[in-house]
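First comes the structure, then the notes that go with it.
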Amino acid sequence: MSSKRGMLGNSYLNELLGIILPKDDAVYQMEYTLPKRTEKGEGLRVDAIVFGAERKNNLAIDSKFPLDNYLVMSDESRTKEAREQAQKDFQQDLKRHVDKTSQYLSEEDSIYQVVMFIPSDVVYLAINELRFYGVVENACQKKVWICSPTTLYIVLNQIVLANRN
């Protein structure tokens with residue numbers, strides 16, 4: 001199920017990028033393998049990369065869809081204990097996703113900030129509720145910006161405007 005959500009998130013990300021940015025491999029690419037290597041020697045693969053001018057200040061984007069525990073957490077038919085546990089598990093899922101997304105930061109690839117794309121505005125809003133502030137603060141400290149479809153649209157438009165100027 002999570003692989004289907006991953007494909008859905010990547011598809012949605014691809015659609016958003018294609019609407020806002022020129023469809024040109026010099027501007028952005030999907031499923032891009034970075035020169036940076038994992039501890040096992042494998043290339044890191046981001047869901048998308050938006051290239052800056054002269055391939056400097058590139059922006060890596062990784063789609064994450066932490067849905068399972070969110071659904072339990074928000075299901076009023078579940079017991080209070082089950083919802084509270086799901087909320088804790090949801091926060092742990094988010095922390096793991098932030099940590100995984102932060103691994104794409106790379107001076108050699110000129111990636112100094114990374115977007116963790118949440119392809120659901122509803123899930124994104126839950127993350128930004130006060131009770132999840134620690135997750136958002138941790139992400140900011142790691143230079144991972146959590147974006148929904150709406151906020152990613154704004155970020156990408158700012159990139160387009162900056163490149164025009």
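In the structure tokens, the first chain shown is A, the next is B, and so on; residue numbers restart at 1 for each chain, and ligands run from 1 in the order shown.
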Discussion item. At a cut-off of 12 Å, using only C-alpha atoms, what residues contact segment 29-36 of chain A? Leave out same-chain residues fewer than 4 positions from it and give the result as a VMD selection string.
Written reply: chain A and resid 7 10 to 18 21 to 25 40 to 51 58 to 63 103 to 111
Hey, which bits of segment 41-83 of chain A sit within 9 Å of segment 120-132 of chain A, and for each residue what's the closest pair of atoms and how far apart in Å (one decimal), counting only C-alpha atoms, rows by chain and increasing number, as a tab-separated table?
```
residue	atom	partner	partner_atom	distance
A:Phe65	CA	A:Ser120	CA	7.8
A:Pro66	CA	A:Val123	CA	8.0
A:Leu67	CA	A:Val123	CA	7.6
A:Tyr70	CA	A:Val123	CA	7.3
```
Discussion item. One decimal, in Å: what's the spacing between atom CA of Val27 of chain A and atom CA of Val136 of chain A?
Written reply: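 Taking atom CA of Val27 of chain A and atom CA of Val136 of chain A, their separation equals 28.3 Å.
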Discussion item. Which residues are near segment 149-162 of chain A? Cut-off 7 Å, only C-alpha atoms, ignore same chain within fewer than 2 positions. Put them as a ChimeraX atom specification.
Written reply: /A:20,119-121,147,164-165
Could you save those same residues with N, CA, C and O atoms as an mmCIF file, in the first residue's frame?
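Writing the result to again13.cif gives the following:
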```cif
data_model
loop_
_atom_site.group_PDB
_atom_site.id
_atom_site.type_symbol
_atom_site.label_atom_id
_atom_site.label_comp_id
_atom_site.auth_asym_id
_atom_site.auth_seq_id
_atom_site.Cartn_x
_atom_site.Cartn_y
_atom_site.Cartn_z
ATOM 1 N N ILE A 20 4.119 24.336 -13.216
ATOM 2 C CA ILE A 20 4.789 25.569 -12.805
ATOM 3 C C ILE A 20 6.098 25.821 -13.547
ATOM 4 O O ILE A 20 6.402 26.954 -13.909
ATOM 5 N N PRO A 119 1.892 15.080 -0.077
ATOM 6 C CA PRO A 119 0.908 15.298 -1.140
ATOM 7 C C PRO A 119 -0.544 15.400 -0.674
ATOM 8 O O PRO A 119 -1.455 15.125 -1.441
ATOM 9 N N SER A 120 -0.749 15.830 0.559
ATOM 10 C CA SER A 120 -2.100 16.017 1.080
ATOM 11 C C SER A 120 -2.121 17.266 1.956
ATOM 12 O O SER A 120 -1.420 17.328 2.967
ATOM 13 N N ASP A 121 -2.936 18.235 1.569
ATOM 14 C CA ASP A 121 -3.049 19.449 2.394
ATOM 15 C C ASP A 121 -3.604 19.134 3.772
ATOM 16 O O ASP A 121 -3.221 19.764 4.757
ATOM 17 N N CYS A 147 6.369 20.771 2.829
ATOM 18 C CA CYS A 147 5.447 21.471 1.933
ATOM 19 C C CYS A 147 4.265 20.592 1.565
ATOM 20 O O CYS A 147 4.409 19.382 1.389
ATOM 21 N N ARG A 164 13.853 34.591 -13.093
ATOM 22 C CA ARG A 164 13.561 35.606 -14.110
ATOM 23 C C ARG A 164 14.312 36.901 -13.831
ATOM 24 O O ARG A 164 14.727 37.596 -14.734
ATOM 25 N N ASN A 165 14.433 37.222 -12.545
ATOM 26 C CA ASN A 165 15.107 38.469 -12.167
ATOM 27 C C ASN A 165 16.601 38.275 -12.132
ATOM 28 O O ASN A 165 17.370 39.129 -12.102
#
```
Can you list, as a JSON list (two decimals) with N, CA, C and O atoms, in the first residue's frame, all residues belonging to chain A that DSSP tags as strand (DSSP E)?
```json
[["chain", "number", "residue", "atom", "x", "y", "z"],
["A", 28, "TYR", "N", 14.37, 20.86, -14.26],
["A", 28, "TYR", "CA", 14.10, 19.88, -13.21],
["A", 28, "TYR", "C", 14.08, 18.48, -13.81],
["A", 28, "TYR", "O", 13.89, 18.30, -15.00],
["A", 29, "GLN", "N", 14.31, 17.52, -12.92],
["A", 29, "GLN", "CA", 14.24, 16.11, -13.33],
["A", 29, "GLN", "C", 13.58, 15.31, -12.22],
["A", 29, "GLN", "O", 13.79, 15.58, -11.04],
["A", 30, "MET", "N", 12.82, 14.31, -12.62],
["A", 30, "MET", "CA", 12.21, 13.38, -11.69],
["A", 30, "MET", "C", 13.15, 12.20, -11.50],
["A", 30, "MET", "O", 13.92, 11.86, -12.40],
["A", 31, "GLU", "N", 13.06, 11.55, -10.31],
["A", 31, "GLU", "CA", 13.85, 10.35, -10.03],
["A", 31, "GLU", "C", 15.32, 10.57, -10.39],
["A", 31, "GLU", "O", 15.89, 9.85, -11.19],
["A", 32, "TYR", "N", 15.92, 11.56, -9.76],
["A", 32, "TYR", "CA", 17.29, 11.96, -10.07],
["A", 32, "TYR", "C", 18.26, 11.32, -9.08],
["A", 32, "TYR", "O", 18.06, 11.40, -7.86],
["A", 33, "THR", "N", 19.29, 10.68, -9.60],
["A", 33, "THR", "CA", 20.31, 10.06, -8.74],
["A", 33, "THR", "C", 21.44, 11.06, -8.52],
["A", 33, "THR", "O", 22.05, 11.54, -9.48],
["A", 34, "LEU", "N", 21.69, 11.35, -7.26],
["A", 34, "LEU", "CA", 22.75, 12.29, -6.89],
["A", 34, "LEU", "C", 24.11, 11.61, -6.94],
["A", 34, "LEU", "O", 24.22, 10.41, -6.69],
["A", 35, "PRO", "N", 25.15, 12.39, -7.19],
["A", 35, "PRO", "CA", 26.51, 11.83, -7.08],
["A", 35, "PRO", "C", 26.84, 11.41, -5.65],
["A", 35, "PRO", "O", 27.62, 10.49, -5.43],
["A", 36, "LYS", "N", 26.23, 12.07, -4.66],
["A", 36, "LYS", "CA", 26.48, 11.72, -3.26],
["A", 36, "LYS", "C", 26.09, 10.26, -3.03],
["A", 36, "LYS", "O", 25.07, 9.79, -3.52],
["A", 37, "ARG", "N", 26.89, 9.55, -2.27],
["A", 37, "ARG", "CA", 26.68, 8.13, -2.03],
["A", 37, "ARG", "C", 26.21, 7.85, -0.61],
["A", 37, "ARG", "O", 26.52, 8.59, 0.32],
["A", 43, "GLY", "N", 24.13, 5.40, -4.97],
["A", 43, "GLY", "CA", 23.74, 6.78, -5.22],
["A", 43, "GLY", "C", 22.41, 7.09, -4.57],
["A", 43, "GLY", "O", 21.50, 6.26, -4.59],
["A", 44, "LEU", "N", 22.31, 8.26, -3.97],
["A", 44, "LEU", "CA", 21.03, 8.68, -3.39],
["A", 44, "LEU", "C", 20.11, 9.13, -4.51],
["A", 44, "LEU", "O", 20.51, 9.85, -5.41],
["A", 45, "ARG", "N", 18.85, 8.73, -4.42],
["A", 45, "ARG", "CA", 17.88, 9.06, -5.47],
["A", 45, "ARG", "C", 16.77, 9.90, -4.87],
["A", 45, "ARG", "O", 16.07, 9.45, -3.97],
["A", 46, "VAL", "N", 16.62, 11.12, -5.39],
["A", 46, "VAL", "CA", 15.54, 12.01, -4.94],
["A", 46, "VAL", "C", 14.36, 11.86, -5.89],
["A", 46, "VAL", "O", 14.53, 11.50, -7.05],
["A", 47, "ASP", "N", 13.18, 12.16, -5.38],
["A", 47, "ASP", "CA", 12.00, 12.08, -6.23],
["A", 47, "ASP", "C", 12.04, 13.14, -7.33],
["A", 47, "ASP", "O", 11.59, 12.91, -8.44],
["A", 48, "ALA", "N", 12.61, 14.30, -7.00],
["A", 48, "ALA", "CA", 12.76, 15.37, -8.00],
["A", 48, "ALA", "C", 13.88, 16.30, -7.57],
["A", 48, "ALA", "O", 14.18, 16.42, -6.38],
["A", 49, "ILE", "N", 14.49, 16.93, -8.55],
["A", 49, "ILE", "CA", 15.47, 17.97, -8.27],
["A", 49, "ILE", "C", 15.16, 19.15, -9.18],
["A", 49, "ILE", "O", 14.84, 18.96, -10.36],
["A", 50, "VAL", "N", 15.17, 20.33, -8.60],
["A", 50, "VAL", "CA", 15.00, 21.57, -9.36],
["A", 50, "VAL", "C", 16.37, 22.23, -9.37],
["A", 50, "VAL", "O", 16.94, 22.51, -8.32],
["A", 58, "ASN", "N", 20.73, 23.92, -5.95],
["A", 58, "ASN", "CA", 19.68, 23.01, -6.40],
["A", 58, "ASN", "C", 18.74, 22.69, -5.24],
["A", 58, "ASN", "O", 19.13, 22.77, -4.08],
["A", 59, "LEU", "N", 17.53, 22.33, -5.58],
["A", 59, "LEU", "CA", 16.52, 22.00, -4.58],
["A", 59, "LEU", "C", 16.07, 20.56, -4.78],
["A", 59, "LEU", "O", 15.49, 20.22, -5.81],
["A", 60, "ALA", "N", 16.37, 19.71, -3.80],
["A", 60, "ALA", "CA", 15.92, 18.32, -3.85],
["A", 60, "ALA", "C", 14.53, 18.25, -3.22],
["A", 60, "ALA", "O", 14.26, 18.93, -2.23],
["A", 61, "ILE", "N", 13.66, 17.44, -3.81],
["A", 61, "ILE", "CA", 12.30, 17.27, -3.30],
["A", 61, "ILE", "C", 12.04, 15.77, -3.14],
["A", 61, "ILE", "O", 12.26, 15.00, -4.06],
["A", 62, "ASP", "N", 11.60, 15.40, -1.95],
["A", 62, "ASP", "CA", 11.28, 14.00, -1.68],
["A", 62, "ASP", "C", 9.84, 13.92, -1.21],
["A", 62, "ASP", "O", 9.44, 14.62, -0.28],
["A", 63, "SER", "N", 9.06, 13.09, -1.85],
["A", 63, "SER", "CA", 7.65, 12.94, -1.52],
["A", 63, "SER", "C", 7.49, 11.92, -0.39],
["A", 63, "SER", "O", 8.01, 10.82, -0.47],
["A", 111, "ILE", "N", 23.23, 21.25, -2.91],
["A", 111, "ILE", "CA", 21.88, 21.16, -2.33],
["A", 111, "ILE", "C", 22.00, 21.56, -0.86],
["A", 111, "ILE", "O", 22.57, 20.84, -0.06],
["A", 112, "TYR", "N", 21.48, 22.74, -0.55],
["A", 112, "TYR", "CA", 21.59, 23.28, 0.80],
["A", 112, "TYR", "C", 20.26, 23.31, 1.53],
["A", 112, "TYR", "O", 20.21, 23.65, 2.71],
["A", 113, "GLN", "N", 19.20, 23.00, 0.82],
["A", 113, "GLN", "CA", 17.86, 22.92, 1.39],
["A", 113, "GLN", "C", 17.10, 21.81, 0.65],
["A", 113, "GLN", "O", 17.35, 21.58, -0.52],
["A", 114, "VAL", "N", 16.22, 21.16, 1.39],
["A", 114, "VAL", "CA", 15.46, 20.05, 0.81],
["A", 114, "VAL", "C", 13.98, 20.25, 1.16],
["A", 114, "VAL", "O", 13.65, 20.71, 2.24],
["A", 115, "VAL", "N", 13.11, 19.87, 0.23],
["A", 115, "VAL", "CA", 11.68, 19.91, 0.48],
["A", 115, "VAL", "C", 11.18, 18.49, 0.73],
["A", 115, "VAL", "O", 11.48, 17.58, -0.04],
["A", 116, "MET", "N", 10.45, 18.33, 1.84],
["A", 116, "MET", "CA", 9.74, 17.09, 2.10],
["A", 116, "MET", "C", 8.29, 17.37, 1.68],
["A", 116, "MET", "O", 7.57, 18.10, 2.35],
["A", 117, "PHE", "N", 7.90, 16.82, 0.55],
["A", 117, "PHE", "CA", 6.58, 17.08, -0.03],
["A", 117, "PHE", "C", 5.56, 16.10, 0.54],
["A", 117, "PHE", "O", 5.69, 14.89, 0.41],
["A", 144, "VAL", "N", 15.14, 21.13, 6.19],
["A", 144, "VAL", "CA", 14.11, 20.39, 5.46],
["A", 144, "VAL", "C", 12.83, 21.19, 5.59],
["A", 144, "VAL", "O", 12.36, 21.45, 6.70],
["A", 145, "TRP", "N", 12.28, 21.58, 4.47],
["A", 145, "TRP", "CA", 11.06, 22.39, 4.47],
["A", 145, "TRP", "C", 9.89, 21.48, 4.10],
["A", 145, "TRP", "O", 9.87, 20.89, 3.02],
["A", 146, "ILE", "N", 8.95, 21.37, 5.01],
["A", 146, "ILE", "CA", 7.78, 20.52, 4.79],
["A", 146, "ILE", "C", 6.76, 21.32, 3.98],
["A", 146, "ILE", "O", 6.38, 22.42, 4.38],
["A", 147, "CYS", "N", 6.37, 20.77, 2.83],
["A", 147, "CYS", "CA", 5.45, 21.47, 1.93],
["A", 147, "CYS", "C", 4.26, 20.59, 1.56],
["A", 147, "CYS", "O", 4.41, 19.38, 1.39]]
```
Discussion item. Under the rule that only C-alpha atoms are counted, which of A:Glu76, A:Glu137, A:Asp68, A:Glu81 is the nearest residue to Asp93 of chain A?
Written reply: A:Asp68
